[in-house]
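Down below is the structure, laid out as structure tokens.
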Amino acid sequence: MQVRNYINGKWVEARSEEWYVDLNPATEEPVAEVVKSDERDVAAAVEAAEVAFEKWRKVPAPKRAEILYRAGHLLVERKEQLARLLTQEMGKILPEARGDVQEAIDMAFYIGGEGRRLLGYTAPVELPNKFGMAIRDPIGVVACITPWNFPIAIPSWKIFPALVAGNTVIFKPATDTPATAAEFVRIFEEAGLPPGVLNLVIGPGPTVGNALVEHPTVKAISFTGSTEVGRDLYARAARHLKRVSLEMGGKNAIIVMEDANLELALEATLWAAFGTTGQRCTACSRLILHKPIKGKFTEMLVERAKQLRLGNGLEPTTDVGPLINEAAVRKVHSYVEIGKAEGARLLCGGNPVKVNGKGFFYEPTIFDQVRPDMRIAQEEIFGPVLSIIEAESLEEAIRINNSVNYGLSSSLFTQDVNKAFQAIRDITTGIVYINHGTTGAEIQFPFGGTRGTGNGHREAGLTAIEFFTEWKAVYVDYSGRLQRAQIDTTAF
Ligand code: UN1
């Protein structure tokens, strides 16, 4: 398979004429040969998007939305095919890959509704025979830079709202998942999106990402990815006064109290910590256990974690797929070494493994006796590594939960409704779950977090459209004379 850029409605090679190989992380076999883009491809895509914007912004929003609905229906038809490709390219197990596509389907139909909303408002004005309203305009050409862990869902959170609001888009997918991205773009092409409205530029992150940030025509950048890249992008974009939305990960905790349903908490912890091989920004990487149940719960958990089956995500017997690439294995393993050196106690896992001699697999790993200030309890590992921390009380558990430089998702298991509401009040992350693990956010609610997780924006939900629109205040004076606001206070 060859994967090309999509610029101005055409599938084209990169100007560099160079290609790279995209690997299946479970088998280490090539999935595709992929174009390597640079500034020249970005320039061509931005030019196409700029021209297309002049027409697209004038298409009535309900008509723009029809294309989203068509894309949604095509995603439904192609769900299985896309999910299989996604598993091959990214490694997550097939049911999760189907979920990834489902999230985009949900987003298409949910945000398609904005075509008949894009709500502004009117308010009374202070002078007679004068009318005022606030309406939303599109911003222009926007860039969507996305990660490999949700190669369809996350682009859908950005591209669908951007398009329905009337923007044109440059989509830069992760270099580890270009084939899935290209199939996603093909859906828009078949849904009838006009040329230039959505453009795909694949390439090494820094080259293409920086070219997008530096290009004067790109007005806004919506980024999901690592903190390191996000910070750099934000600083660069600030020089151009560009609007930026950052979503950069988490160090999410599950708190289990003495009165919790422990069986439920156990299932939820296994799913949140080891599902997607721990490679979700919402994944649970800290388990804060109330002292009275700590010993018992830890034992139950370790026994079950040891039984999880590693393997190719296409096999129905697989519980946990591979990590995304070799560098990820090295990174996860380095954190395991750090944890040991910090004095945490390794209860299970801790090794890279091969399945049938291949693949970037890593054993589900659990550390006990972790102190909240250890690096393994503070830094995002993005792999199947869980740190157990003890707490004496709910207050202490919440304090530990909040004391990291991330603020995406938190979870509390308790059967006491008073404790639940106390936690909802006191937890300072963007997402809070009661009696449910830290993953599995739904697209009709705001997604994002506090502290180092982002820069205050939220994707999805009622907030999705905010980032992709510009407010315009409109005053219509039909008095036929000069009326001076704030001055002619007795004009009527
Ligand atoms: C992510 O890992 O970046 O809430 C997104 C969840 C999914 C989305 C995760 N719906 O776990």
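In the structure tokens, chains take the letters A, B, ... in the order shown, each chain's residues start at 1, and ligands count up from 1 in the order shown.
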As a list in words, please: every protein or nucleic acid residue near ligand 1 (cut-off 9 Å, counting only C-alpha atoms and all ligand atoms).
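After applying the 9 Å limit, what remains is Gly99, Asp100, Glu103, Pro147, Asn149, Phe150, Ala153, Ile154, Thr224, Gly225, Glu247, Met248, Gly249, Gly250, Ala272, Thr276, Gln279, Arg280, Cys281, Thr282, Ala283, Ser409, Thr438, Thr439, Gly440, Ala441, Glu442, Ile443 and Phe447 of chain A.
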Export of the given selection (C-alpha atoms) as a tab-separated table (two decimals), in the first residue's frame:
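Okay, this is what ended up in part_22.tsv:
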chain	number	residue	atom	x	y	z
A	99	GLY	CA	-14.85	1.94	19.33
A	100	ASP	CA	-12.38	4.42	17.85
A	103	GLU	CA	-16.48	7.79	18.34
A	147	PRO	CA	-1.72	11.55	17.66
A	149	ASN	CA	-3.45	6.47	19.76
A	150	PHE	CA	-6.92	7.40	18.44
A	153	ALA	CA	-11.63	9.51	16.87
A	154	ILE	CA	-9.29	12.39	17.70
A	224	THR	CA	-3.32	16.59	20.64
A	225	GLY	CA	-0.02	14.94	21.51
A	247	GLU	CA	-4.52	18.41	24.76
A	248	MET	CA	-1.45	16.74	26.13
A	249	GLY	CA	-2.08	13.80	28.34
A	250	GLY	CA	-2.65	12.79	31.89
A	272	ALA	CA	-8.49	1.64	32.40
A	276	THR	CA	-5.15	0.22	24.74
A	279	GLN	CA	-1.75	4.33	25.62
A	280	ARG	CA	-4.70	6.63	26.23
A	281	CYS	CA	-4.29	10.08	27.64
A	282	THR	CA	-7.17	9.06	29.89
A	283	ALA	CA	-5.51	5.78	30.93
A	409	SER	CA	-9.41	12.37	34.30
A	438	THR	CA	-10.86	6.90	33.93
A	439	THR	CA	-11.40	6.14	30.22
A	440	GLY	CA	-14.40	6.20	27.91
A	441	ALA	CA	-15.43	9.84	27.61
A	442	GLU	CA	-18.44	10.45	25.34
A	443	ILE	CA	-18.38	13.11	22.63
A	447	PHE	CA	-13.07	16.71	26.78
Write out as an MDAnalysis selection string all residues of region 326-468 of chain A that backbone DSSP assigns to alpha helix (DSSP H).
chainID A and resid 326:342 375:378 394:402 417:426 464:467
Residue selection dump (C-alpha atoms) as a PDB file, in the first residue's frame:
ATOM      1  CA  GLU A 326      10.280   0.379  19.523  1.00  0.00           C
ATOM      2  CA  ALA A 327      10.940   3.816  21.002  1.00  0.00           C
ATOM      3  CA  ALA A 328       7.799   3.428  23.130  1.00  0.00           C
ATOM      4  CA  VAL A 329       9.105   0.112  24.473  1.00  0.00           C
ATOM      5  CA  ARG A 330      12.368   1.803  25.408  1.00  0.00           C
ATOM      6  CA  LYS A 331      10.543   4.683  27.086  1.00  0.00           C
ATOM      7  CA  VAL A 332       8.224   2.446  29.108  1.00  0.00           C
ATOM      8  CA  HIS A 333      11.104   0.220  30.148  1.00  0.00           C
ATOM      9  CA  SER A 334      13.185   3.194  31.229  1.00  0.00           C
ATOM     10  CA  TYR A 335      10.331   4.217  33.577  1.00  0.00           C
ATOM     11  CA  VAL A 336      10.254   0.710  35.021  1.00  0.00           C
ATOM     12  CA  GLU A 337      13.974   1.045  35.759  1.00  0.00           C
ATOM     13  CA  ILE A 338      13.342   4.466  37.302  1.00  0.00           C
ATOM     14  CA  GLY A 339      10.572   3.009  39.482  1.00  0.00           C
ATOM     15  CA  LYS A 340      12.852   0.270  40.776  1.00  0.00           C
ATOM     16  CA  ALA A 341      15.642   2.748  41.454  1.00  0.00           C
ATOM     17  CA  GLU A 342      13.183   4.990  43.335  1.00  0.00           C
ATOM     18  CA  ARG A 375       8.682  10.085  39.045  1.00  0.00           C
ATOM     19  CA  ILE A 376       6.606   7.010  38.156  1.00  0.00           C
ATOM     20  CA  ALA A 377       3.715   8.635  40.048  1.00  0.00           C
ATOM     21  CA  GLN A 378       4.193  12.066  38.485  1.00  0.00           C
ATOM     22  CA  LEU A 394     -10.750  10.283  51.123  1.00  0.00           C
ATOM     23  CA  GLU A 395      -9.268  13.741  51.746  1.00  0.00           C
ATOM     24  CA  GLU A 396      -5.748  12.390  51.452  1.00  0.00           C
ATOM     25  CA  ALA A 397      -6.665  10.379  48.346  1.00  0.00           C
ATOM     26  CA  ILE A 398      -8.099  13.480  46.648  1.00  0.00           C
ATOM     27  CA  ARG A 399      -5.052  15.518  47.614  1.00  0.00           C
ATOM     28  CA  ILE A 400      -2.767  12.920  46.030  1.00  0.00           C
ATOM     29  CA  ASN A 401      -5.053  12.715  43.012  1.00  0.00           C
ATOM     30  CA  ASN A 402      -4.804  16.475  42.452  1.00  0.00           C
ATOM     31  CA  VAL A 417     -23.190   9.196  47.852  1.00  0.00           C
ATOM     32  CA  ASN A 418     -21.813  11.835  50.220  1.00  0.00           C
ATOM     33  CA  LYS A 419     -18.235  10.829  49.430  1.00  0.00           C
ATOM     34  CA  ALA A 420     -19.064  10.832  45.729  1.00  0.00           C
ATOM     35  CA  PHE A 421     -20.306  14.418  45.778  1.00  0.00           C
ATOM     36  CA  GLN A 422     -17.449  15.546  47.997  1.00  0.00           C
ATOM     37  CA  ALA A 423     -15.056  14.143  45.394  1.00  0.00           C
ATOM     38  CA  ILE A 424     -16.926  15.759  42.495  1.00  0.00           C
ATOM     39  CA  ARG A 425     -16.517  19.093  44.301  1.00  0.00           C
ATOM     40  CA  ASP A 426     -12.872  18.688  45.290  1.00  0.00           C
ATOM     41  CA  ALA A 464     -16.489  21.927  20.447  1.00  0.00           C
ATOM     42  CA  ILE A 465     -17.573  24.794  18.242  1.00  0.00           C
ATOM     43  CA  GLU A 466     -16.012  27.518  20.436  1.00  0.00           C
ATOM     44  CA  PHE A 467     -12.464  26.931  19.322  1.00  0.00           C
TER      45      PHE A 467
END
Would you give me, as CSV, each residue of region 129-179 of chain A having an atom within 12 Å of an atom of region 83-89 of chain A, along with its shortest atom pair and that distance in Å to one decimal, using only C-alpha atoms and sorting by chain and residue number?
residue,atom,partner,partner_atom,distance
A:Trp148,CA,A:Glu89,CA,9.2
A:Asn149,CA,A:Leu86,CA,9.8
A:Phe150,CA,A:Leu86,CA,9.0
A:Pro151,CA,A:Leu86,CA,7.4
A:Ile152,CA,A:Leu86,CA,8.4
A:Ala153,CA,A:Leu86,CA,11.1
A:Ala174,CA,A:Glu89,CA,11.4
A:Thr175,CA,A:Glu89,CA,10.7
A:Asp176,CA,A:Glu89,CA,7.5
A:Thr177,CA,A:Glu89,CA,6.1
A:Pro178,CA,A:Glu89,CA,8.5
A:Ala179,CA,A:Glu89,CA,7.5
Surrounding residues of Gly349 (chain A) excluding itself and chain neighbours under 2 positions, 9 Å, only C-alpha atoms, as a VMD selection string:
chain A and resid 305 to 306 346 to 347 351 to 352 362 to 366 385
Could you dump the residues just selected with C-alpha atoms as an mmCIF file, in the first residue's frame?
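After the write, out-v7.cif holds the following:
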data_model
loop_
_atom_site.group_PDB
_atom_site.id
_atom_site.type_symbol
_atom_site.label_atom_id
_atom_site.label_comp_id
_atom_site.auth_asym_id
_atom_site.auth_seq_id
_atom_site.Cartn_x
_atom_site.Cartn_y
_atom_site.Cartn_z
ATOM 1 C CA ALA A 305 -3.134 -8.669 35.575
ATOM 2 C CA LYS A 306 -0.899 -11.720 35.238
ATOM 3 C CA LEU A 346 7.562 -4.412 41.320
ATOM 4 C CA LEU A 347 4.638 -6.806 41.786
ATOM 5 C CA ASN A 351 9.648 -6.660 30.774
ATOM 6 C CA PRO A 352 9.420 -6.078 27.037
ATOM 7 C CA TYR A 362 5.261 -4.944 27.120
ATOM 8 C CA GLU A 363 3.995 -6.899 30.104
ATOM 9 C CA PRO A 364 1.230 -5.356 32.201
ATOM 10 C CA THR A 365 3.236 -3.940 35.090
ATOM 11 C CA ILE A 366 2.240 -3.036 38.635
ATOM 12 C CA VAL A 385 2.446 0.591 34.050
#
Using only C-alpha atoms: which of A:Gly383, A:Val208, A:Ser156, A:Thr269 has the shortest distance to Leu233 (chain A):
A:Val208
Separation of CA of Thr489 (chain A) from CA of Phe131 (chain A), in Å and rounded to one decimal
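Answer for the CA of Thr489 (chain A) to CA of Phe131 (chain A) separation: 16.3 Å.
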Find the residues near region 289-304 of chain A: any atom within 7 Å, counting only C-alpha atoms, skip ones fewer than 4 places away on the same chain, and give them as number ranges by chain.
A: 255-258, 266, 308, 348, 389-393
Selected residues written out with N, CA and C atoms, as an mmCIF file, in the first residue's frame:
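The resulting file, selection_18.cif, is reproduced below:
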data_model
loop_
_atom_site.group_PDB
_atom_site.id
_atom_site.type_symbol
_atom_site.label_atom_id
_atom_site.label_comp_id
_atom_site.auth_asym_id
_atom_site.auth_seq_id
_atom_site.Cartn_x
_atom_site.Cartn_y
_atom_site.Cartn_z
ATOM 1 N N ILE A 255 -9.349 6.084 42.564
ATOM 2 C CA ILE A 255 -9.338 5.992 44.027
ATOM 3 C C ILE A 255 -10.335 4.893 44.409
ATOM 4 N N VAL A 256 -9.910 3.951 45.211
ATOM 5 C CA VAL A 256 -10.848 2.909 45.669
ATOM 6 C C VAL A 256 -10.958 3.002 47.190
ATOM 7 N N MET A 257 -12.193 3.279 47.636
ATOM 8 C CA MET A 257 -12.429 3.419 49.075
ATOM 9 C C MET A 257 -12.854 2.086 49.683
ATOM 10 N N GLU A 258 -12.756 2.039 50.970
ATOM 11 C CA GLU A 258 -13.098 0.831 51.747
ATOM 12 C C GLU A 258 -14.506 0.309 51.422
ATOM 13 N N LEU A 266 -12.185 -3.567 40.434
ATOM 14 C CA LEU A 266 -11.122 -4.398 39.860
ATOM 15 C C LEU A 266 -11.240 -4.445 38.334
ATOM 16 N N LEU A 308 -3.665 -11.501 31.856
ATOM 17 C CA LEU A 308 -3.979 -10.793 30.606
ATOM 18 C C LEU A 308 -3.116 -11.347 29.475
ATOM 19 N N CYS A 348 4.387 -7.201 39.411
ATOM 20 C CA CYS A 348 4.292 -8.069 38.235
ATOM 21 C C CYS A 348 4.715 -7.286 36.999
ATOM 22 N N ILE A 389 -0.615 3.562 45.265
ATOM 23 C CA ILE A 389 -0.309 4.516 46.330
ATOM 24 C C ILE A 389 -1.341 4.316 47.439
ATOM 25 N N GLU A 390 -0.899 4.373 48.676
ATOM 26 C CA GLU A 390 -1.839 4.170 49.781
ATOM 27 C C GLU A 390 -2.351 5.508 50.303
ATOM 28 N N ALA A 391 -3.641 5.530 50.709
ATOM 29 C CA ALA A 391 -4.195 6.744 51.346
ATOM 30 C C ALA A 391 -4.982 6.344 52.593
ATOM 31 N N GLU A 392 -4.905 7.207 53.595
ATOM 32 C CA GLU A 392 -5.584 6.924 54.880
ATOM 33 C C GLU A 392 -7.046 7.363 54.862
ATOM 34 N N SER A 393 -7.356 8.338 53.999
ATOM 35 C CA SER A 393 -8.708 8.908 54.016
ATOM 36 C C SER A 393 -9.060 9.393 52.617
#
Out of A:Leu193, A:Ala123, A:Ala97, A:Val370, which residue has the shortest atom-to-atom distance to Leu287 (chain A) when counting only C-alpha atoms?
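Selected residue with least distance to Leu287 (chain A): A:Val370.
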What's the 10 Å shell around Phe188 (chain A), counting only C-alpha atoms, without same-chain residues fewer than 2 positions away, as a PDB file with C-alpha atoms, in the first residue's frame?
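Generated file (result.pdb):
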ATOM      1  CA  ILE A  67     -21.560  16.383   4.083  1.00  0.00           C
ATOM      2  CA  LEU A  68     -20.832  15.511   7.712  1.00  0.00           C
ATOM      3  CA  ARG A  70     -22.868  11.585   4.588  1.00  0.00           C
ATOM      4  CA  ALA A  71     -19.400  11.039   6.067  1.00  0.00           C
ATOM      5  CA  GLY A  72     -21.068   9.610   9.180  1.00  0.00           C
ATOM      6  CA  LEU A  74     -19.934   6.100   5.160  1.00  0.00           C
ATOM      7  CA  LEU A  75     -18.109   5.554   8.459  1.00  0.00           C
ATOM      8  CA  GLU A 183      -8.776   6.239   4.694  1.00  0.00           C
ATOM      9  CA  PHE A 184     -10.539   8.736   6.953  1.00  0.00           C
ATOM     10  CA  VAL A 185      -9.888  11.521   4.442  1.00  0.00           C
ATOM     11  CA  ARG A 186     -11.178   9.283   1.625  1.00  0.00           C
ATOM     12  CA  GLU A 190     -16.578  10.335  -1.169  1.00  0.00           C
ATOM     13  CA  ALA A 191     -19.027  12.340   0.920  1.00  0.00           C
ATOM     14  CA  GLY A 192     -18.575  15.149  -1.592  1.00  0.00           C
ATOM     15  CA  LEU A 193     -16.399  17.633   0.252  1.00  0.00           C
ATOM     16  CA  PRO A 194     -15.165  20.198  -2.330  1.00  0.00           C
ATOM     17  CA  VAL A 197     -11.604  22.143   2.055  1.00  0.00           C
ATOM     18  CA  LEU A 198      -9.761  19.284   3.770  1.00  0.00           C
TER      19      LEU A 198
END
Mind pulling up the distance from CA of Asn252 (chain A) to CA of Ile288 (chain A)?
10.3 Å
Got a sec: who's within 10 Å of Leu119 (chain A), counting only C-alpha atoms, leaving out chain neighbours fewer than 6 positions off, as a JSON list (two decimals) with C-alpha atoms, in the first residue's frame?
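Result written to around-v3.json:
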[["chain", "number", "residue", "atom", "x", "y", "z"],
["A", 134, "ALA", "CA", -23.53, 38.36, 18.20],
["A", 135, "ILE", "CA", -22.86, 35.85, 15.42],
["A", 136, "ARG", "CA", -20.18, 33.26, 14.74],
["A", 465, "ILE", "CA", -17.57, 24.79, 18.24]]
Do a neighbour search on Tyr406 (chain A) at 7 Å with only C-alpha atoms, toss out local chain neighbours closer than 4 positions, and write the hits as an MDAnalysis selection string.
chainID A and resid 250:251 450:453
Just to be explicit: take each residue in the selection above, keep C-alpha atoms, and write the result as a PDB file, in the first residue's frame.
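Final output, saved to part_8.pdb:
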ATOM      1  CA  GLY A 250      -2.650  12.787  31.894  1.00  0.00           C
ATOM      2  CA  LYS A 251      -1.540  11.003  35.016  1.00  0.00           C
ATOM      3  CA  THR A 450      -6.446  21.327  33.802  1.00  0.00           C
ATOM      4  CA  ARG A 451      -2.791  22.031  34.655  1.00  0.00           C
ATOM      5  CA  GLY A 452      -0.261  20.540  32.180  1.00  0.00           C
ATOM      6  CA  THR A 453      -2.964  18.630  30.323  1.00  0.00           C
TER       7      THR A 453
END
